[in-house]
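Peer 1: Take a look at start.txt, compact mmCIF, C-alpha atoms:
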```txt
# COMPACT_ATOMS: atom_id res chain seq x y z
CA MET R 86 -82.59 -87.69 0.26
CA ARG R 87 -82.13 -91.42 -0.19
CA LYS R 88 -84.43 -92.09 2.78
CA ILE R 89 -87.17 -89.89 1.25
CA PHE R 90 -86.82 -91.63 -2.13
CA LEU R 91 -87.05 -95.08 -0.51
CA THR R 92 -90.13 -94.06 1.50
CA ALA R 93 -91.80 -92.66 -1.64
CA LEU R 94 -91.00 -95.84 -3.58
CA ILE R 95 -92.50 -98.05 -0.87
CA ALA R 96 -95.63 -95.87 -0.69
CA LEU R 97 -96.02 -95.95 -4.49
CA SER R 98 -95.68 -99.73 -4.62
CA CYS R 99 -98.38 -100.07 -1.94
CA VAL R 100 -100.74 -97.88 -3.99
CA VAL R 101 -100.08 -99.96 -7.13
CA VAL R 102 -100.75 -103.23 -5.27
CA VAL R 103 -103.97 -101.92 -3.69
CA SER R 104 -105.12 -100.54 -7.06
CA ALA R 105 -104.48 -103.85 -8.83
CA GLN R 106 -106.21 -105.86 -6.12
CA SER R 107 -109.29 -103.62 -6.10
CA ARG R 108 -110.04 -104.59 -9.72
CA GLY R 109 -110.81 -108.21 -8.85
CA ASP R 110 -114.00 -109.91 -7.80
CA LEU R 111 -115.05 -109.94 -4.13
CA CYS R 112 -115.18 -113.45 -2.63
CA HIS R 113 -115.86 -115.07 0.72
CA VAL R 114 -115.66 -118.57 2.16
CA TYR R 115 -118.16 -120.00 4.62
CA VAL R 116 -118.79 -123.13 6.71
CA VAL R 117 -122.17 -124.23 8.03
CA ASP R 118 -122.61 -126.88 10.71
CA VAL R 119 -125.78 -128.33 9.17
CA GLU R 120 -127.29 -129.84 12.32
CA THR R 121 -126.69 -126.72 14.44
CA ALA R 122 -128.08 -124.46 11.71
CA ARG R 123 -131.14 -126.71 11.27
CA LYS R 124 -131.90 -126.55 15.00
CA ALA R 125 -131.53 -122.76 14.97
CA PHE R 126 -133.87 -122.52 11.98
CA GLU R 127 -136.46 -124.80 13.60
CA SER R 128 -136.40 -122.68 16.76
CA LEU R 129 -137.56 -119.67 14.70
CA GLY R 130 -141.07 -121.11 14.82
CA GLU R 131 -140.98 -120.92 18.60
CA THR R 132 -139.56 -117.41 18.82
CA GLY R 133 -141.62 -115.79 16.09
CA ARG R 134 -139.71 -113.08 14.24
CA ASP R 135 -136.58 -113.09 16.40
CA MET R 136 -133.82 -113.76 13.85
CA SER R 137 -130.91 -113.15 16.24
CA GLY R 138 -129.88 -116.82 16.36
CA ILE R 139 -130.08 -117.54 12.63
CA ALA R 140 -126.29 -117.28 12.21
CA THR R 141 -125.77 -120.05 14.77
CA GLY R 142 -123.66 -122.79 13.27
CA GLN R 143 -122.23 -120.57 10.54
CA THR R 144 -118.67 -119.34 10.11
CA LEU R 145 -118.15 -116.61 7.55
CA PHE R 146 -114.50 -115.84 6.79
CA PRO R 147 -113.30 -112.34 5.79
CA GLU R 148 -113.87 -111.26 2.21
CA PHE R 149 -110.98 -111.16 -0.21
CA ARG R 150 -110.45 -109.75 -3.71
CA SER R 151 -109.25 -112.01 -6.47
CA VAL R 152 -106.48 -110.82 -8.78
CA LEU R 153 -108.21 -110.21 -12.10
CA GLY R 154 -106.21 -111.08 -15.20
CA GLU R 155 -105.45 -113.76 -17.78
CA GLU R 156 -104.16 -116.96 -16.13
CA GLU R 157 -104.26 -115.28 -12.69
CA LEU R 158 -104.73 -117.55 -9.68
CA THR R 159 -105.74 -116.23 -6.26
CA THR R 160 -105.63 -118.74 -3.39
CA LYS R 161 -106.55 -118.18 0.26
CA THR R 162 -106.49 -120.60 3.21
CA TYR R 163 -108.54 -120.66 6.39
CA PRO R 164 -108.62 -122.91 9.47
CA PHE R 165 -111.65 -125.20 9.55
CA PRO R 166 -113.65 -124.34 12.71
CA GLY R 167 -113.09 -126.67 15.64
CA ASN R 168 -110.32 -128.91 14.28
CA LYS R 169 -106.96 -128.97 12.51
CA LEU R 170 -108.23 -129.14 8.92
CA VAL R 171 -107.55 -126.38 6.41
CA ILE R 172 -109.88 -124.83 3.83
CA THR R 173 -108.19 -123.81 0.57
CA ALA R 174 -110.16 -121.52 -1.76
CA SER R 175 -109.06 -120.48 -5.26
CA VAL R 176 -110.18 -118.21 -8.10
CA PHE R 177 -108.68 -118.57 -11.59
CA TYR R 178 -109.32 -116.61 -14.79
CA THR R 179 -108.61 -118.04 -18.24
CA ASP R 180 -109.56 -117.85 -21.91
CA GLU R 181 -108.67 -121.47 -22.69
CA SER R 182 -111.36 -123.49 -20.95
CA MET R 183 -114.95 -122.49 -21.75
CA ALA R 184 -116.30 -120.27 -24.51
CA SER R 185 -119.68 -118.63 -24.86
CA SER R 186 -121.42 -116.76 -27.66
CA GLU R 187 -119.87 -113.53 -26.35
CA GLY R 188 -116.26 -114.57 -25.80
CA VAL R 189 -113.79 -117.08 -24.45
CA ASP R 190 -113.05 -115.65 -20.98
CA SER R 191 -114.12 -117.69 -17.97
CA MET R 192 -113.67 -117.86 -14.22
CA LEU R 193 -113.16 -120.99 -12.14
CA ILE R 194 -113.74 -121.02 -8.39
CA GLY R 195 -112.90 -123.92 -6.12
CA VAL R 196 -112.85 -124.92 -2.49
CA VAL R 197 -111.34 -127.97 -0.76
CA VAL R 198 -110.91 -129.13 2.84
CA SER R 199 -107.83 -131.18 3.69
CA GLU R 200 -105.28 -131.90 6.40
CA LYS R 201 -102.93 -129.23 5.04
CA ALA R 202 -103.16 -126.17 2.80
CA GLN R 203 -103.24 -127.02 -0.91
CA LYS R 204 -101.41 -125.24 -3.72
CA ASP R 205 -104.82 -124.47 -5.18
CA ALA R 206 -108.35 -125.75 -4.71
CA ILE R 207 -109.14 -126.09 -8.41
CA SER R 208 -106.77 -128.96 -9.16
CA SER R 209 -107.06 -130.70 -5.76
CA GLU R 210 -108.84 -133.99 -5.17
CA SER R 211 -112.23 -134.06 -3.42
CA ASN R 212 -112.86 -130.41 -4.23
CA ALA R 213 -115.90 -128.45 -5.33
CA VAL R 214 -115.37 -126.37 -8.49
CA ALA R 215 -117.64 -124.17 -10.59
CA GLU R 216 -116.84 -122.42 -13.86
CA ILE R 217 -118.74 -119.55 -15.42
CA THR R 218 -118.25 -117.42 -18.49
CA MET R 219 -117.29 -113.80 -18.01
CA ASN R 220 -120.45 -112.44 -19.67
CA GLN R 221 -123.53 -111.02 -17.97
CA ARG R 222 -122.84 -112.53 -14.56
CA ASP R 223 -123.32 -111.27 -11.05
CA THR R 224 -122.39 -114.04 -8.65
CA ALA R 225 -120.59 -117.39 -8.74
CA ARG R 226 -120.84 -120.03 -6.04
CA THR R 227 -119.44 -123.45 -5.35
CA ARG R 228 -120.20 -125.59 -2.33
CA LYS R 229 -119.73 -129.05 -0.95
CA TYR R 230 -121.16 -131.15 1.85
CA LEU R 231 -118.72 -133.21 3.89
CA ARG R 232 -118.81 -135.24 7.05
CA ILE R 233 -116.14 -134.58 9.67
CA ASN R 234 -116.07 -136.54 12.95
CA GLY R 235 -119.65 -137.63 12.34
CA ARG R 236 -121.01 -134.11 11.74
CA LEU R 237 -122.29 -132.82 8.41
CA TYR R 238 -120.90 -129.50 7.18
CA LEU R 239 -121.53 -127.34 4.14
CA VAL R 240 -118.37 -125.59 2.91
CA GLY R 241 -118.55 -123.06 0.11
CA MET R 242 -117.25 -119.97 -1.60
CA GLU R 243 -119.17 -117.19 -3.28
CA CYS R 244 -117.77 -114.44 -5.50
CA VAL R 245 -119.67 -111.27 -6.37
CA VAL R 246 -118.51 -110.08 -9.74
CA ARG R 247 -117.83 -106.43 -10.47
CA LYS R 248 -119.56 -105.60 -13.75
CA GLU R 249 -116.82 -103.23 -14.93
CA ALA R 250 -114.19 -105.88 -14.15
CA SER R 251 -115.87 -108.75 -15.97
CA LYS R 252 -113.46 -108.80 -18.92
CA THR R 253 -109.93 -110.13 -18.43
```
Turn the structure described in the file into structure tokens.
Peer 2:
Amino acid sequence: MRKIFLTALIALSCVVVVSAQSRGDLCHVYVVDVETARKAFESLGETGRDMSGIATGQTLFPEFRSVLGEEELTTKTYPFPGNKLVITASVFYTDESMASSEGVDSMLIGVVVSEKAQKDAISSESNAVAEITMNQRDTARTRKYLRINGRLYLVGMECVVRKEASKT
């Protein structure tokens, strides 16, 4: 009986966690090797309509859901392609930073590249941060160009906002 109760409790907690996470906004982080992508784009003129190589030079990391709620911080880390750097991406919801005519809730998104994972990307140095109000929005994006070992990269994060989840 105890074993059944423990199994049911674990299953219930998994359902609660999945349910809470599914309320957040859907975000993804990406890296573009600018020179490689430019060459791929320029080659489109030679190949006509063949778009198969257009993703060359791009790394798109798996999507994640932010945890939606007042003063909630969601942070994810990813390895920077081709070296030992780490990308830290964060989403933060608050009602104490930026007001609009329709309310005080806002969302901050940030991304930073550094030698080690950061506690969060929003308060880190050399980051890229964007803040938007929680009213009538669809998508938020922040991005940053940086040079690593002589190559130019574009690093960014984009979050697609669920309309029904836009109030914290």
Peer 1: Which is closer to Thr144 of chain R than all the others in R:Val116, R:Leu129, R:Val176, R:Val198, using all atoms listed in the file?
Peer 2: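 Nearest to Thr144 of chain R: R:Val116.
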Peer 1: Give me, please, the distance in Å between atom CA of Glu200 of chain R and atom CA of Lys169 of chain R, quoted to one decimal.
Peer 2: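 Atom-to-atom, atom CA of Glu200 of chain R and atom CA of Lys169 of chain R are spaced 7.0 Å apart.
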Peer 1: For atom CA of Gly142 of chain R and atom CA of Glu127 of chain R, determine how far apart the two atoms are, in Å to one decimal place.
Peer 2: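 Atom-to-atom, atom CA of Gly142 of chain R and atom CA of Glu127 of chain R are spaced 13.0 Å apart.
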Peer 1: What is the atom CA of Glu120 of chain R to atom CA of Gly235 of chain R distance in Å?
Peer 2: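 Interatomic distance, atom CA of Glu120 of chain R to atom CA of Gly235 of chain R: 10.9 Å.
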Peer 1: Which residues are close to Val117 of chain R, i.e. within 6 Å by all atoms listed in the file, leaving aside same-chain residues fewer than 2 positions away? Reply as a PyMOL selection string.
Peer 2: chain R and resi 119+142-143+238-239
Peer 1: Counting only C-alpha atoms, which residue out of R:Arg123, R:Lys161, R:Arg226, R:Lys201 sits closest to Val246 of chain R?
Peer 2: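 Nearest candidate to Val246 of chain R out of R:Arg123, R:Lys161, R:Arg226, R:Lys201: R:Arg226.
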Peer 1: When distances are computed from all atoms listed in the file, which of R:Ile207, R:Ile172, R:Met242, R:Gly154 shows the smallest separation from Met219 of chain R?
Peer 2: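 Closest residue, counting all atoms listed in the file: R:Gly154.
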Peer 1: Can you work out which one of R:Pro147, R:Arg232, R:Thr141, R:Ser182 has the shortest atom-to-atom distance to Ala125 of chain R, counting only C-alpha atoms?
Peer 2: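 Of R:Pro147, R:Arg232, R:Thr141, R:Ser182, the one nearest Ala125 of chain R, counting only C-alpha atoms, is R:Thr141.
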Peer 1: Restricting the calculation to all atoms listed in the file: of R:Tyr163, R:Glu156, R:Asn168, R:Asn212, which residue gets closest to Ser191 of chain R?
Peer 2: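 The answer is R:Glu156, which sits nearest to Ser191 of chain R.
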Peer 1: Which polymer residues have any atom within 9 Å of an atom of Arg150 of chain R, counting only C-alpha atoms, with same-chain residues fewer than 5 positions away left out, as a ChimeraX atom specification?
Peer 2: /R:106-113,159,244
Peer 1: Can I get the selection written as a tab-separated table (two decimals), in the coordinates of the input, with C-alpha atoms?
Peer 2:
```tsv
chain	number	residue	atom	x	y	z
R	106	GLN	CA	-106.21	-105.86	-6.12
R	107	SER	CA	-109.29	-103.62	-6.10
R	108	ARG	CA	-110.04	-104.59	-9.72
R	109	GLY	CA	-110.81	-108.21	-8.85
R	110	ASP	CA	-114.00	-109.91	-7.80
R	111	LEU	CA	-115.05	-109.94	-4.13
R	112	CYS	CA	-115.18	-113.45	-2.63
R	113	HIS	CA	-115.86	-115.07	0.72
R	159	THR	CA	-105.74	-116.23	-6.26
R	244	CYS	CA	-117.77	-114.44	-5.50
```
Peer 1: Taking all atoms listed in the file into account, name the residue in R:Ala213, R:Asp223, R:Val240, R:Ala140 that is nearest to Val171 of chain R.
Peer 2: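 Of R:Ala213, R:Asp223, R:Val240, R:Ala140, the one nearest Val171 of chain R, counting all atoms listed in the file, is R:Val240.
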